[in-house]
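For reference, query.txt (compact mmCIF, C-alpha atoms and all ligand atoms):
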# COMPACT_ATOMS: atom_id res chain seq x y z
CA MET M 1200 0.00 0.00 0.00
CA VAL M 1201 1.09 3.55 -0.67
CA LEU M 1202 1.23 5.33 2.69
CA HIS M 1203 1.92 9.05 2.44
CA VAL M 1204 3.76 11.82 0.62
CA ARG M 1205 7.44 11.65 1.58
CA HIS M 1206 8.62 14.72 -0.26
CA VAL M 1207 8.13 16.96 -3.25
CA GLY M 1208 10.89 17.98 -5.65
CA LEU M 1209 10.58 21.46 -7.12
CA GLY M 1210 12.66 23.22 -9.73
CA VAL M 1211 13.08 26.92 -9.00
CA PRO M 1212 14.78 29.63 -11.06
CA ASP M 1213 16.10 31.52 -8.03
CA LEU M 1214 17.45 28.79 -5.78
CA ARG M 1215 18.86 31.24 -3.26
CA SER M 1216 15.61 33.19 -2.75
CA ALA M 1217 13.50 30.06 -2.62
CA ALA M 1218 15.85 28.39 -0.13
CA GLU M 1219 15.83 31.51 2.03
CA PHE M 1220 12.03 31.40 2.09
CA TYR M 1221 11.77 27.72 2.94
CA GLU M 1222 14.41 27.92 5.63
CA ASN M 1223 13.63 31.23 7.34
CA ARG M 1224 9.94 31.77 6.61
CA TRP M 1225 8.53 28.29 6.19
CA GLN M 1226 10.88 26.98 8.87
CA LEU M 1227 12.16 23.85 7.21
CA GLU M 1228 15.65 22.67 8.06
CA VAL M 1229 18.41 22.43 5.47
CA VAL M 1230 19.69 18.86 5.75
CA GLU M 1231 21.94 18.67 2.70
CA ARG M 1232 23.27 20.67 -0.21
CA ASP M 1233 24.43 18.79 -3.28
CA GLY M 1234 25.47 20.94 -6.25
CA ASP M 1235 22.32 22.60 -7.58
CA ARG M 1236 20.09 20.78 -5.08
CA ILE M 1237 19.06 21.65 -1.52
CA TYR M 1238 17.24 19.18 0.72
CA PHE M 1239 14.97 20.30 3.55
CA GLY M 1240 13.74 18.27 6.50
CA ALA M 1241 10.85 18.84 8.92
CA GLY M 1242 9.65 17.43 12.23
CA CYS M 1243 9.38 13.87 10.95
CA PRO M 1244 11.71 10.95 10.23
CA GLU M 1245 11.67 11.45 6.44
CA SER M 1246 15.17 12.06 5.06
CA HIS M 1247 13.69 15.23 3.55
CA VAL M 1248 10.28 16.71 2.75
CA LEU M 1249 11.39 19.11 0.02
CA ARG M 1250 14.08 19.04 -2.63
CA LEU M 1251 14.82 22.25 -4.46
CA ARG M 1252 16.81 22.23 -7.70
CA ALA M 1253 17.97 25.19 -9.75
CA THR M 1254 16.06 25.23 -13.07
CA GLU M 1255 15.33 27.83 -15.74
CA GLU M 1256 11.61 27.89 -15.03
CA PRO M 1257 9.55 26.83 -12.01
CA ARG M 1258 8.64 23.17 -12.46
CA VAL M 1259 7.62 20.14 -10.46
CA ASP M 1260 10.45 17.60 -10.49
CA LEU M 1261 8.68 14.81 -8.67
CA ILE M 1262 6.07 13.74 -6.17
CA ALA M 1263 7.60 11.09 -3.88
CA LEU M 1264 5.29 8.64 -2.15
CA ALA M 1265 6.09 6.08 0.53
CA ALA M 1266 5.14 2.43 0.06
CA GLU M 1267 5.00 0.03 2.96
CA SER M 1268 7.46 -2.47 1.48
CA ALA M 1269 9.87 -3.07 -1.38
CA ALA M 1270 7.44 -5.72 -2.65
CA GLU M 1271 4.74 -3.05 -2.84
CA VAL M 1272 7.10 -0.80 -4.86
CA ASP M 1273 7.49 -3.67 -7.30
CA GLY M 1274 3.71 -4.13 -7.32
CA VAL M 1275 3.18 -0.46 -8.21
CA ALA M 1276 5.76 -0.81 -11.01
CA ALA M 1277 3.92 -3.83 -12.42
CA ARG M 1278 0.60 -1.98 -12.35
CA VAL M 1279 2.14 1.08 -14.06
CA ALA M 1280 3.57 -1.18 -16.77
CA ALA M 1281 0.13 -2.75 -17.27
CA HIS M 1282 -1.74 0.57 -17.37
CA PRO M 1283 -2.23 2.12 -20.82
CA ARG M 1284 -1.57 5.63 -19.44
CA GLY M 1285 1.45 4.77 -17.29
CA ARG M 1286 5.08 5.00 -18.38
CA LEU M 1287 7.85 3.47 -16.30
CA LEU M 1288 11.05 5.52 -16.24
CA GLY M 1289 13.05 2.42 -15.31
CA GLU M 1290 12.72 -0.86 -13.50
CA PRO M 1291 12.35 -0.74 -9.70
CA GLY M 1292 15.75 -0.75 -8.02
CA PRO M 1293 18.12 1.05 -5.69
CA ARG M 1294 17.03 4.66 -5.15
CA GLN M 1295 19.68 7.14 -6.30
CA ASP M 1296 18.90 10.09 -4.05
CA LEU M 1297 19.25 11.21 -0.44
CA GLY M 1298 18.04 8.42 1.86
CA GLY M 1299 18.60 5.59 -0.65
CA GLY M 1300 16.15 2.69 -0.45
CA HIS M 1301 14.21 0.85 -3.13
CA ALA M 1302 12.16 2.85 -5.60
CA VAL M 1303 10.49 3.13 -8.95
CA ARG M 1304 9.88 6.27 -10.96
CA PHE M 1305 7.21 6.64 -13.58
CA LEU M 1306 5.13 9.19 -15.46
CA ASP M 1307 1.52 9.26 -14.35
CA CYS M 1308 -1.50 9.78 -16.63
CA ASP M 1309 -0.76 13.54 -16.87
CA GLY M 1310 3.01 13.19 -17.32
CA ARG M 1311 4.02 14.00 -13.73
CA THR M 1312 7.08 12.23 -12.42
CA VAL M 1313 6.05 10.10 -9.45
CA GLU M 1314 8.48 8.14 -7.27
CA VAL M 1315 7.28 5.35 -4.99
CA SER M 1316 9.83 4.10 -2.48
CA ALA M 1317 10.41 1.85 0.50
CA ASP M 1318 13.30 1.15 2.88
CA VAL M 1319 14.46 4.78 2.73
CA THR M 1320 16.86 5.74 5.50
CA GLY M 1321 15.29 8.39 7.70
CA ARG M 1322 17.03 11.06 9.69
CA VAL M 1323 17.32 11.98 13.32
CA PHE M 1324 14.82 14.79 13.85
CA THR M 1325 13.53 16.94 16.65
CA PRO M 1326 9.80 16.44 17.20
CA VAL M 1327 7.73 19.63 17.07
CA SER M 1328 6.78 20.72 20.58
CA ALA M 1329 3.83 22.84 21.78
CA SER M 1330 3.69 26.38 20.31
CA GLU M 1331 6.45 25.61 17.78
CA THR M 1332 5.36 26.68 14.33
CA ARG M 1333 7.64 24.62 12.11
CA PRO M 1334 5.91 21.92 10.03
CA LYS M 1335 5.83 18.26 10.98
CA GLY M 1336 5.95 17.18 7.36
CA ILE M 1337 3.83 17.02 4.23
CA GLY M 1338 0.14 16.38 4.92
CA HIS M 1339 -1.15 16.26 1.37
CA VAL M 1340 -0.57 17.45 -2.17
CA VAL M 1341 -3.23 18.84 -4.50
CA LEU M 1342 -2.64 18.43 -8.23
CA ASN M 1343 -4.31 20.24 -11.12
CA THR M 1344 -5.43 17.98 -13.93
CA PRO M 1345 -7.23 18.47 -17.24
CA ASP M 1346 -9.15 15.19 -16.71
CA ILE M 1347 -10.08 14.48 -13.12
CA GLN M 1348 -11.72 11.10 -13.86
CA VAL M 1349 -8.64 9.85 -15.70
CA ALA M 1350 -6.44 10.96 -12.79
CA ARG M 1351 -8.75 9.34 -10.22
CA GLU M 1352 -8.82 6.04 -12.09
CA PHE M 1353 -5.02 6.01 -12.52
CA TYR M 1354 -4.28 6.66 -8.83
CA GLU M 1355 -6.91 4.11 -7.74
CA THR M 1356 -5.73 1.38 -10.08
CA VAL M 1357 -1.98 1.85 -9.86
CA MET M 1358 -1.51 2.94 -6.24
CA GLY M 1359 -4.63 1.80 -4.39
CA PHE M 1360 -6.02 5.22 -3.54
CA ARG M 1361 -9.72 5.42 -2.66
CA VAL M 1362 -12.10 8.33 -3.17
CA THR M 1363 -13.09 9.97 0.12
CA ASP M 1364 -15.22 12.87 -1.14
CA TRP M 1365 -15.86 15.16 -4.07
CA VAL M 1366 -16.59 18.86 -4.46
CA GLU M 1367 -19.01 18.72 -7.38
CA ASP M 1368 -16.95 17.32 -10.27
CA VAL M 1369 -14.24 19.91 -9.60
CA MET M 1370 -12.21 18.34 -6.77
CA CYS M 1371 -11.60 14.70 -5.92
CA PHE M 1372 -10.09 13.79 -2.52
CA LEU M 1373 -8.21 10.50 -2.29
CA ARG M 1374 -6.80 8.56 0.63
CA THR M 1375 -4.93 5.35 1.26
CA GLY M 1376 -5.13 5.42 5.07
CA PRO M 1377 -7.39 6.93 7.70
CA VAL M 1378 -6.63 10.59 6.93
CA HIS M 1379 -9.27 12.24 4.71
CA HIS M 1380 -6.89 12.98 1.82
CA THR M 1381 -3.26 12.41 0.94
CA ILE M 1382 -3.70 13.48 -2.66
CA ALA M 1383 -6.47 15.49 -4.24
CA PHE M 1384 -7.10 16.50 -7.83
CA THR M 1385 -8.59 19.76 -9.05
CA ARG M 1386 -10.09 20.16 -12.51
CA ALA M 1387 -7.99 22.68 -14.45
CA PRO M 1388 -7.16 23.65 -18.03
CA HIS M 1389 -3.69 22.13 -17.64
CA THR M 1390 -1.44 19.93 -15.51
CA SER M 1391 0.27 21.77 -12.67
CA LEU M 1392 0.81 21.83 -8.93
CA ASN M 1393 -2.14 23.31 -7.03
CA HIS M 1394 -0.38 23.33 -3.65
CA VAL M 1395 1.70 21.37 -1.17
CA ALA M 1396 0.21 21.22 2.34
CA PHE M 1397 2.53 21.09 5.32
CA GLU M 1398 1.07 19.71 8.51
CA VAL M 1399 1.67 21.73 11.68
CA ARG M 1400 1.28 20.45 15.23
CA GLY M 1401 -2.23 21.67 16.07
CA LEU M 1402 -4.66 24.57 15.92
CA ASP M 1403 -2.62 26.90 18.12
CA GLU M 1404 0.55 26.23 16.12
CA PHE M 1405 -1.44 26.64 12.89
CA MET M 1406 -2.53 30.17 13.85
CA ARG M 1407 0.92 31.03 15.17
CA ALA M 1408 2.53 29.82 11.92
CA THR M 1409 0.02 31.79 9.86
CA GLY M 1410 0.53 34.88 12.01
CA ALA M 1411 4.31 34.64 11.89
CA LEU M 1412 4.26 34.90 8.11
CA MET M 1413 1.68 37.71 8.18
CA ARG M 1414 3.82 39.63 10.67
CA SER M 1415 6.80 39.25 8.40
CA GLY M 1416 4.81 40.97 5.65
CA ILE M 1417 3.65 37.92 3.69
CA ALA M 1418 -0.14 37.90 3.37
CA PRO M 1419 -1.93 34.61 2.77
CA VAL M 1420 -3.23 34.03 -0.74
CA TRP M 1421 -6.27 32.51 0.98
CA GLY M 1422 -7.04 31.92 4.63
CA PRO M 1423 -6.78 31.34 7.48
CA GLY M 1424 -9.86 29.18 7.53
CA ARG M 1425 -11.21 25.67 7.83
CA HIS M 1426 -12.44 23.53 4.97
CA GLY M 1427 -15.80 21.79 5.23
CA VAL M 1428 -14.55 18.88 3.12
CA GLY M 1429 -11.79 17.14 5.05
CA GLN M 1430 -12.26 19.50 8.01
CA ASN M 1431 -8.62 20.61 7.81
CA THR M 1432 -7.58 24.19 8.46
CA PHE M 1433 -5.92 26.17 5.69
CA SER M 1434 -3.64 29.13 5.15
CA TYR M 1435 -2.26 29.28 1.63
CA PHE M 1436 0.89 31.26 0.91
CA GLN M 1437 2.90 31.76 -2.23
CA GLU M 1438 6.66 31.34 -2.30
CA PRO M 1439 7.47 34.68 -3.98
CA SER M 1440 10.36 33.67 -6.27
CA SER M 1441 8.73 30.63 -7.91
CA GLY M 1442 5.00 31.24 -7.40
CA PHE M 1443 4.38 27.75 -5.97
CA VAL M 1444 1.59 27.69 -3.38
CA LEU M 1445 2.09 26.11 0.04
CA GLU M 1446 -0.45 25.50 2.76
CA TYR M 1447 -0.26 25.27 6.51
CA THR M 1448 -2.81 22.72 7.65
CA THR M 1449 -3.84 20.68 10.67
CA ALA M 1450 -6.74 18.73 12.18
CA ALA M 1451 -7.83 16.85 9.05
CA GLN M 1452 -10.75 14.48 9.37
CA VAL M 1453 -9.92 10.88 10.25
CA ILE M 1454 -12.12 8.40 8.41
CA ASP M 1455 -13.81 5.68 10.43
CA GLU M 1456 -13.24 2.72 8.12
CA GLU M 1457 -14.80 0.23 10.51
CA HIS M 1458 -18.31 1.52 9.93
CA GLY M 1459 -17.85 1.94 6.19
CA TRP M 1460 -17.47 5.13 4.20
CA THR M 1461 -19.53 6.36 1.30
CA PRO M 1462 -18.00 9.24 -0.66
CA LYS M 1463 -20.13 12.37 -0.60
CA VAL M 1464 -20.42 15.09 -3.22
CA TYR M 1465 -20.35 18.59 -1.75
CA PRO M 1466 -21.43 21.79 -3.47
CA ALA M 1467 -18.71 24.37 -4.21
CA ASN M 1468 -19.86 27.16 -1.92
CA ALA M 1469 -18.42 29.21 0.94
CA GLN M 1470 -19.84 26.81 3.56
CA THR M 1471 -17.92 23.98 1.93
CA THR M 1472 -14.65 25.81 1.41
CA ASP M 1473 -14.53 28.07 4.50
CA VAL M 1474 -16.72 26.83 7.35
CA TRP M 1475 -15.41 29.36 9.86
CA GLY M 1476 -16.04 32.29 7.50
CA THR M 1477 -12.65 33.73 8.42
CA ALA M 1478 -10.90 33.50 5.04
CA ASN M 1479 -10.90 36.11 2.33
CA ALA M 1480 -13.22 35.42 -0.61
CA ARG M 1481 -12.11 32.63 -2.90
CA ASP M 1482 -12.12 34.97 -5.86
CA GLU M 1483 -10.66 34.66 -9.35
CA LEU M 1484 -7.23 35.76 -8.17
CA VAL M 1485 -7.13 32.96 -5.57
CA SER M 1486 -8.26 30.43 -8.19
CA ALA M 1487 -5.73 31.65 -10.76
CA THR M 1488 -2.91 31.47 -8.20
CA LEU M 1489 -3.81 27.88 -7.29
CA ILE M 1490 -4.20 26.81 -10.92
CA GLY M 1491 -0.86 28.37 -11.87
CA ARG M 1492 0.79 27.98 -15.23
CA PRO M 1493 1.14 24.77 -17.26
CA ASP M 1494 3.99 22.85 -15.63
CA PRO M 1495 7.03 22.61 -17.94
CA GLY M 1496 8.08 19.54 -15.94
CA THR M 1497 5.19 17.55 -17.41
CA TRP M 1498 6.41 14.61 -19.58
CA THR M 1499 9.98 15.74 -18.79
CA PRO M 1500 11.47 13.79 -15.88
CA PRO M 1501 14.13 15.60 -13.87
CA PRO M 1502 17.74 14.60 -14.62
CA VAL M 1503 18.22 13.54 -10.99
FE FE Q 1 -4.82 21.55 0.88
Kindly transcribe the structure held in the file into structure tokens.
Ligand SMILES: [Fe+2]
Amino acid sequence: MVLHVRHVGLGVPDLRSAAEFYENRWQLEVVERDGDRIYFGAGCPESHVLRLRATEEPRVDLIALAAESAAEVDGVAARVAAHPRGRLLGEPGPRQDLGGGHAVRFLDCDGRTVEVSADVTGRVFTPVSASETRPKGIGHVVLNTPDIQVAREFYETVMGFRVTDWVEDVMCFLRTGPVHHTIAFTRAPHTSLNHVAFEVRGLDEFMRATGALMRSGIAPVWGPGRHGVGQNTFSYFQEPSSGFVLEYTTAAQVIDEEHGWTPKVYPANAQTTDVWGTANARDELVSATLIGRPDPGTWTPPPV
């Protein structure tokens, strides 16, 4: 089974500015620098939660998911090979990046590079304590797709995701474990990253983290608020040099599998998107920021 998002690899044109933001504003920890790459850790055992690489244009390099075993990595590879929309980038084998392990990389139905890995060596980390605002790790990733049903089917079939809920036919929330969503898809004119959500310790830390950025002069794109679907809190911010959108989140709904779960379809209104009524309006500017530009990393795997 695929378990969670380990890390995201992003290409950024101004590596120095982006790294400064992630280290000093977003409060990730630099764990390694390797040529044109910088690796950032958080309050979790993952070797890293973010890899930045210097590129000409902002692009998504990869979405890295954890599998529970090497055998499951091989299973994912077999299902990619059998899927008409999947494209393996190599056979499963030793992982050639920080943390090592056993991995497979492939292009998904929209041409994103996805890595599924197991047996990755973690790192010694300091757990996040009360009132600390640094993130624990990645909670979920939301991806923009031109065909939400194709994306849903691919992630269900190849990686065992299950639909938790929908917002009309515009957003599809998928899980593999008890947390409401690990990956979600948003209908968009093109393939791109909608946002990466970093989990903070709790509600107090969520507001402190949001406020810390606001005090430093960085206004949220949208938030703070609490979503009706998934129940998680949200404050979306934009990393200024690349334009990628990040979210602080906490307190996502935990699904009670024991009593069964039937996906619901919610309407796209303010009650659904902002139950507290504290966020700014989700206007066209917010939507355009989250939809972003077509990702030049699509169908083009990163060189590392
Ligand atoms: Fe989110």
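Between ligand FE 1 (chain Q) and the residues M:Arg1278, M:Arg1481, M:Arg1304, M:His1426, the shortest atom-to-atom distance, using all atoms listed in the file, involves M:His1426.
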Item to check | Distance filter 10 Å around ligand FE 1 (chain Q), atoms: only C-alpha atoms and all ligand atoms, out as a ChimeraX atom specification | outcome: /M:1338-1342,1372,1380-1383,1393-1398,1426,1429,1431-1435,1444-1449,1451
Rank M:His1301, M:Arg1322, M:Arg1224, M:Arg1258 by their smallest atom-to-atom distance to Gly1240 (chain M), using all atoms listed in the file, and report the top residue only.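 Residue with the minimum atom-to-atom distance to Gly1240 (chain M): M:Arg1322.
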Exercise for the section: Show which residues sit within 12 Å of Leu1227 (chain M), as a list of chain:residue names. Count all atoms listed in the file, and ignore same-chain residues fewer than 5 positions away. Expected result: M:Ala1217, M:Ala1218, M:Glu1219, M:Phe1220, M:Tyr1221, M:Glu1222, M:Ile1237, M:Tyr1238, M:Phe1239, M:Gly1240, M:Ala1241, M:Gly1242, M:Cys1243, M:His1247, M:Val1248, M:Leu1249, M:Arg1250, M:Phe1324, M:Thr1325, M:Val1327, M:Thr1332, M:Arg1333, M:Pro1334, M:Lys1335, M:Gly1336, M:Ile1337, M:Phe1397, M:Glu1398, M:Val1399
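By all atoms listed in the file, and with residues fewer than 3 positions from Val1366 (chain M) along its chain excluded, the set lying at most 8 Å from it is Val1369, Met1370, Cys1371, Val1428, Val1464, Tyr1465, Pro1466 and Ala1467 of chain M.
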* Pick from M:Thr1471, M:Arg1284, M:Ile1490, M:Thr1375: nearest to Glu1352 (chain M), with all atoms listed in the file counted? ->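 With all atoms listed in the file as the atom set, the closest residue is M:Arg1284.
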Padding 6 Å on each side, edges along x, y and z: where is the centre of the box around the listed atoms of region 1414-1432 of chain M, and how long are its edges in Å to one decimal? Output it as JSON.
{"center_x": -4.5, "center_y": 29.1, "center_z": 5.0, "size_x": 34.6, "size_y": 35.8, "size_z": 23.4}
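One finds CA of Leu1261 (chain M) at 7.1 Å from CA of Leu1209 (chain M).
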**Request:** With a distance cut-off of 10 Å and only C-alpha atoms, select the neighbouring residues of Ser1316 (chain M), excluding the residue or stretch itself and same-chain residues fewer than 5 positions from it, and output the selection as a PyMOL selection string.
**Result:** chain M and resi 1201+1205+1263-1269+1271-1273+1275+1291-1294+1299-1304
Hey, what's within 8 Å of Ser1391 (chain M) if we count only C-alpha atoms and toss same-chain stuff fewer than 2 positions away? As a list of chain:residue names, please?
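Counting only C-alpha atoms, the residues come to M:Val1259, M:Leu1342, M:Asn1343, M:Thr1344, M:His1389, M:Asn1393, M:Ile1490, M:Gly1491, M:Arg1492, M:Pro1493, M:Asp1494.
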- Task: Have a look at M:Asp1473, M:Asp1296, M:Asp1455, M:Glu1228 and name the one nearest to Val1319 (chain M); count only C-alpha atoms.
- Result: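 Of all the options, M:Asp1296 lies closest to Val1319 (chain M).
Nearest to Gln1470 (chain M) of all the residues M:Thr1499, M:Ser1328, M:Gln1430, M:Thr1320 is M:Gln1430, based on all atoms listed in the file.
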Which residue of M:Gln1348, M:Thr1312, M:Gln1295, M:Asn1223 approaches Ala1411 (chain M) most closely, using all atoms listed in the file: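 Residue with the minimum atom-to-atom distance to Ala1411 (chain M): M:Asn1223.
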I'd like the interatomic distance between CA of Ile1262 (chain M) and CA of Val1207 (chain M), to a tenth of an Å.
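One can read the CA of Ile1262 (chain M) to CA of Val1207 (chain M) distance as 4.8 Å.
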Atom pair CA of Gly1298 (chain M) + CA of Ser1441 (chain M), distance 26.0 Å
